Each structure stands twice: as structure tokens, then as C-alpha cells.
Amino acid sequence: MKTIIKGLVVLILLGVFLMQGLIASGWMLAPEGDAKYVLVLGAKIEGEEPSPLLNNRILKAQEYLLAHPNTIAVLCGGIGTGEIVSEAQVMKNVLLRNGIDEGRMLLEETSTSTWTNLKNALALIEEVTGEKPEKIMVSTSNYHAFRVGFLANRLGVSAYPLTSSTPASTVLHDFTREMLAIVKSFLLDRE
């Protein structure tokens, strides 16, 4: 019995290390590129202000938008549990305050997951422009880049991550949750 338990512990630890390696590969081995659109993926908000995690994503996107004046931001995120405004609206407010022109922003306010963020944002771009982009930039947290990349691939789009750091207070939670989300997305998030 002890051998079986030890074997299971070893398998679980190997699985955790493998998953964390995949997560790290999303930002450490991420391809570089540029695109006409940068998707800013939603995250929790606090009242009408972004959480520290979402604020990091917004600032990374803002940096990119300032360096690429022809890029359009697609701000993704609906109204989550306990929220009073959409995550996309909160992002728009922050970017407006920081000098990004409103004409450079599209709001996708119906999504509630990474999968729907990507699907709905691509549909919105296609609705506005008449064509689906071949590549996109995606502003998200470092732990999230791997999953975003493989989900974008499933939708037929190349995604280049703009990764922002995860606040120290949420690292353990976010990286652990992401392992489960990768499994869920691998199995369920499909066209």
C-alpha cells in the first residue's frame, strides 16, 4: 500500500511540474510579433476600478498602444458575479484617463471566460472590419499566456502575448487555478 501511495504522490508531483512548465512556457518561450489588434482580457474588478491583476494587464496594453499608434484595443469582459459594470468598461475608463483615444477601443462586454473572451473578441473584430485577423496581441497575466495561445490556435489565430506580472498576493492561487483551467480548456473549450 505504501508503494502505491508513494507512486501516486510522485505522479501528482510530476503532473504539477509538467503543468507549471507549460504555464511558464507561455511567457518565457512566447513568440514576438505585432498586430493591428491587442485584446485585453478581463479579470476581477473592485467597484468601478480594476483589481491589481487587471490593472497590470491594462498598463501593459497601454504601453503597447502608445508604441503602436495604429493598433486597436479590444477590451474583453462582461459583468462578473458581484460586479456592477463590465470589466471592459472599467478598462476603457482607465485607458481614457491615461490618454488613449476612445476611437481606438472596441468593447466586448458579454464574455465571462478566456474562451468566450477570445471567441467574442474575434467575432467583434470581424463584425467591425469584415475580416477575421490572422494574428492578435493579447494582454494578459504571465500565468495565462500558454492557455491563451493554444485557445487562439483553436480559433485559427496566432496570438502574441503581452504578459504582465501576477501580484505576489495571488500567485499561488492563480497558478494553481490555471493548472485546472488548462485541463478544462483542453477538454471543453472547442468550436
# chains A, B, ... in the order shown; residues from 1 in each chain; ligands from 1

call {"tool": "select_by_dssp", "arguments": {"residues": "segment 128-168 of chain A", "states": "alpha helix (DSSP H)", "output": "PyMOL selection string"}}
result
chain A and resi 128-129+145-154

call {"tool": "residues_around", "arguments": {"residues": "segment 152-160 of chain A", "least_positions_apart": "6", "cutoff": "9 Å", "atoms": "only C-alpha atoms", "output": "list in words"}}
result
Ala30, Pro31, Glu32, Gly33, Asp34, Ala35, Trp115, Leu118, Lys119, Leu122, Lys132, Pro133, Glu134, Lys135, Ile136, Met137, Val138, Ser139, Ala145, Asp189, Arg190 and Glu191 of chain A

call {"tool": "write_last_selection", "arguments": {"atoms": "N, CA and C atoms", "output": "PDB file, in the first residue's frame"}}
result
ATOM      1  N   ALA A  30       7.496  32.653 -25.415  1.00  0.00           N
ATOM      2  CA  ALA A  30       6.463  33.256 -26.256  1.00  0.00           C
ATOM      3  C   ALA A  30       7.071  33.888 -27.509  1.00  0.00           C
ATOM      4  N   PRO A  31       6.407  33.688 -28.650  1.00  0.00           N
ATOM      5  CA  PRO A  31       6.885  34.344 -29.869  1.00  0.00           C
ATOM      6  C   PRO A  31       6.646  35.848 -29.782  1.00  0.00           C
ATOM      7  N   GLU A  32       7.486  36.593 -30.464  1.00  0.00           N
ATOM      8  CA  GLU A  32       7.294  38.040 -30.500  1.00  0.00           C
ATOM      9  C   GLU A  32       6.641  38.405 -31.821  1.00  0.00           C
ATOM     10  N   GLY A  33       5.864  39.448 -31.796  1.00  0.00           N
ATOM     11  CA  GLY A  33       5.208  39.890 -33.009  1.00  0.00           C
ATOM     12  C   GLY A  33       4.483  41.183 -32.760  1.00  0.00           C
ATOM     13  N   ASP A  34       3.784  41.621 -33.766  1.00  0.00           N
ATOM     14  CA  ASP A  34       2.935  42.785 -33.601  1.00  0.00           C
ATOM     15  C   ASP A  34       1.663  42.530 -34.398  1.00  0.00           C
ATOM     16  N   ALA A  35       0.637  43.286 -34.100  1.00  0.00           N
ATOM     17  CA  ALA A  35      -0.652  43.064 -34.746  1.00  0.00           C
ATOM     18  C   ALA A  35      -1.467  44.341 -34.719  1.00  0.00           C
ATOM     19  N   TRP A 115     -12.105  31.565 -22.975  1.00  0.00           N
ATOM     20  CA  TRP A 115     -12.610  31.064 -24.259  1.00  0.00           C
ATOM     21  C   TRP A 115     -13.582  32.053 -24.892  1.00  0.00           C
ATOM     22  N   LEU A 118     -11.889  35.333 -26.166  1.00  0.00           N
ATOM     23  CA  LEU A 118     -11.263  35.204 -27.484  1.00  0.00           C
ATOM     24  C   LEU A 118     -12.302  35.080 -28.594  1.00  0.00           C
ATOM     25  N   LYS A 119     -13.261  34.173 -28.430  1.00  0.00           N
ATOM     26  CA  LYS A 119     -14.284  33.970 -29.466  1.00  0.00           C
ATOM     27  C   LYS A 119     -15.064  35.242 -29.746  1.00  0.00           C
ATOM     28  N   LEU A 122     -12.871  38.087 -31.377  1.00  0.00           N
ATOM     29  CA  LEU A 122     -12.614  37.841 -32.803  1.00  0.00           C
ATOM     30  C   LEU A 122     -13.875  38.080 -33.629  1.00  0.00           C
ATOM     31  N   LYS A 132     -11.590  38.390 -40.379  1.00  0.00           N
ATOM     32  CA  LYS A 132     -11.023  37.832 -39.160  1.00  0.00           C
ATOM     33  C   LYS A 132      -9.511  38.063 -39.198  1.00  0.00           C
ATOM     34  N   PRO A 133      -8.931  38.566 -38.114  1.00  0.00           N
ATOM     35  CA  PRO A 133      -7.490  38.795 -38.122  1.00  0.00           C
ATOM     36  C   PRO A 133      -6.723  37.469 -38.124  1.00  0.00           C
ATOM     37  N   GLU A 134      -5.535  37.478 -38.710  1.00  0.00           N
ATOM     38  CA  GLU A 134      -4.685  36.286 -38.707  1.00  0.00           C
ATOM     39  C   GLU A 134      -3.859  36.215 -37.436  1.00  0.00           C
ATOM     40  N   LYS A 135      -3.573  37.393 -36.864  1.00  0.00           N
ATOM     41  CA  LYS A 135      -2.786  37.424 -35.635  1.00  0.00           C
ATOM     42  C   LYS A 135      -3.287  38.543 -34.742  1.00  0.00           C
ATOM     43  N   ILE A 136      -3.101  38.332 -33.451  1.00  0.00           N
ATOM     44  CA  ILE A 136      -3.526  39.308 -32.457  1.00  0.00           C
ATOM     45  C   ILE A 136      -2.469  39.388 -31.361  1.00  0.00           C
ATOM     46  N   MET A 137      -2.405  40.510 -30.705  1.00  0.00           N
ATOM     47  CA  MET A 137      -1.646  40.629 -29.470  1.00  0.00           C
ATOM     48  C   MET A 137      -2.665  40.402 -28.359  1.00  0.00           C
ATOM     49  N   VAL A 138      -2.232  39.805 -27.259  1.00  0.00           N
ATOM     50  CA  VAL A 138      -3.149  39.579 -26.142  1.00  0.00           C
ATOM     51  C   VAL A 138      -2.465  40.014 -24.857  1.00  0.00           C
ATOM     52  N   SER A 139      -3.056  41.002 -24.205  1.00  0.00           N
ATOM     53  CA  SER A 139      -2.537  41.469 -22.922  1.00  0.00           C
ATOM     54  C   SER A 139      -3.203  40.656 -21.823  1.00  0.00           C
ATOM     55  N   ALA A 145      -0.715  33.067 -20.308  1.00  0.00           N
ATOM     56  CA  ALA A 145      -0.293  33.170 -21.709  1.00  0.00           C
ATOM     57  C   ALA A 145      -0.329  31.839 -22.453  1.00  0.00           C
ATOM     58  N   ASP A 189     -13.138  23.546 -24.210  1.00  0.00           N
ATOM     59  CA  ASP A 189     -13.228  24.784 -24.997  1.00  0.00           C
ATOM     60  C   ASP A 189     -12.916  24.514 -26.458  1.00  0.00           C
ATOM     61  N   ARG A 190     -13.984  24.307 -27.220  1.00  0.00           N
ATOM     62  CA  ARG A 190     -13.859  23.998 -28.647  1.00  0.00           C
ATOM     63  C   ARG A 190     -14.979  24.692 -29.406  1.00  0.00           C
ATOM     64  N   GLU A 191     -14.775  24.823 -30.699  1.00  0.00           N
ATOM     65  CA  GLU A 191     -15.803  25.409 -31.571  1.00  0.00           C
ATOM     66  C   GLU A 191     -17.032  24.524 -31.606  1.00  0.00           C
TER      67      GLU A 191
END

call {"tool": "residues_around", "arguments": {"residues": "Gly77 of chain A", "least_positions_apart": "3", "cutoff": "6 Å", "atoms": "only C-alpha atoms", "output": "list in words"}}
result
Gly42, Glu87, Ala88, Glu109 and Ser111 of chain A

call {"tool": "residues_around", "arguments": {"residues": "Leu54 of chain A", "least_positions_apart": "5", "cutoff": "8 Å", "atoms": "only C-alpha atoms", "output": "tab-separated table (two decimals) with N, CA and C atoms, in the first residue's frame"}}
result
chain	number	residue	atom	x	y	z
A	42	GLY	N	-10.19	40.32	-19.61
A	42	GLY	CA	-10.78	40.77	-18.36
A	42	GLY	C	-10.30	40.00	-17.15
A	43	ALA	N	-10.53	40.58	-16.01
A	43	ALA	CA	-10.24	39.98	-14.70
A	43	ALA	C	-11.09	40.75	-13.70
A	44	LYS	N	-11.07	40.29	-12.49
A	44	LYS	CA	-11.88	40.87	-11.42
A	44	LYS	C	-11.72	42.39	-11.33
A	45	ILE	N	-12.83	43.04	-11.02
A	45	ILE	CA	-12.79	44.48	-10.76
A	45	ILE	C	-13.27	44.72	-9.34

call {"tool": "residues_around", "arguments": {"residues": "Ile100 of chain A", "least_positions_apart": "3", "cutoff": "8 Å", "atoms": "only C-alpha atoms", "output": "PyMOL selection string"}}
result
chain A and resi 62+65-66+95-97+104

call {"tool": "select_by_dssp", "arguments": {"residues": "chain A", "states": "strand (DSSP E or B)", "output": "NGL selection string"}}
result
:A and (37-40 or 45-46 or 49-50 or 72-76 or 105-108 or 135-141 or 158-164)

call {"tool": "closest_residue", "arguments": {"among": "A:Val40, A:Leu59, A:Met105, A:Met91", "to": "Ile72 of chain A", "atoms": "only C-alpha atoms"}}
result
A:Met105

call {"tool": "residues_around", "arguments": {"residues": "segment 50-53 of chain A", "least_positions_apart": "4", "cutoff": "7 Å", "atoms": "only C-alpha atoms", "output": "ChimeraX atom specification"}}
result
/A:44-46,57,90,166-167

call {"tool": "atom_distance", "arguments": {"atom1": "atom CA of Leu162 of chain A", "atom2": "atom CA of Gly149 of chain A"}}
result
11.3 Å

call {"tool": "atom_distance", "arguments": {"atom1": "atom CA of Val85 of chain A", "atom2": "atom CA of Gly47 of chain A"}}
result
7.9 Å

call {"tool": "closest_residue", "arguments": {"among": "A:Val171, A:Ile84, A:Ala123, A:Val38", "to": "Pro69 of chain A", "atoms": "only C-alpha atoms"}}
result
A:Val38

call {"tool": "closest_residue", "arguments": {"among": "A:Asn70, A:Gly130, A:His144, A:Lys60", "to": "Leu180 of chain A", "atoms": "only C-alpha atoms"}}
result
A:His144

call {"tool": "closest_residue", "arguments": {"among": "A:Asn93, A:Thr112, A:Thr81, A:Thr140", "to": "Leu41 of chain A", "atoms": "only C-alpha atoms"}}
result
A:Thr140
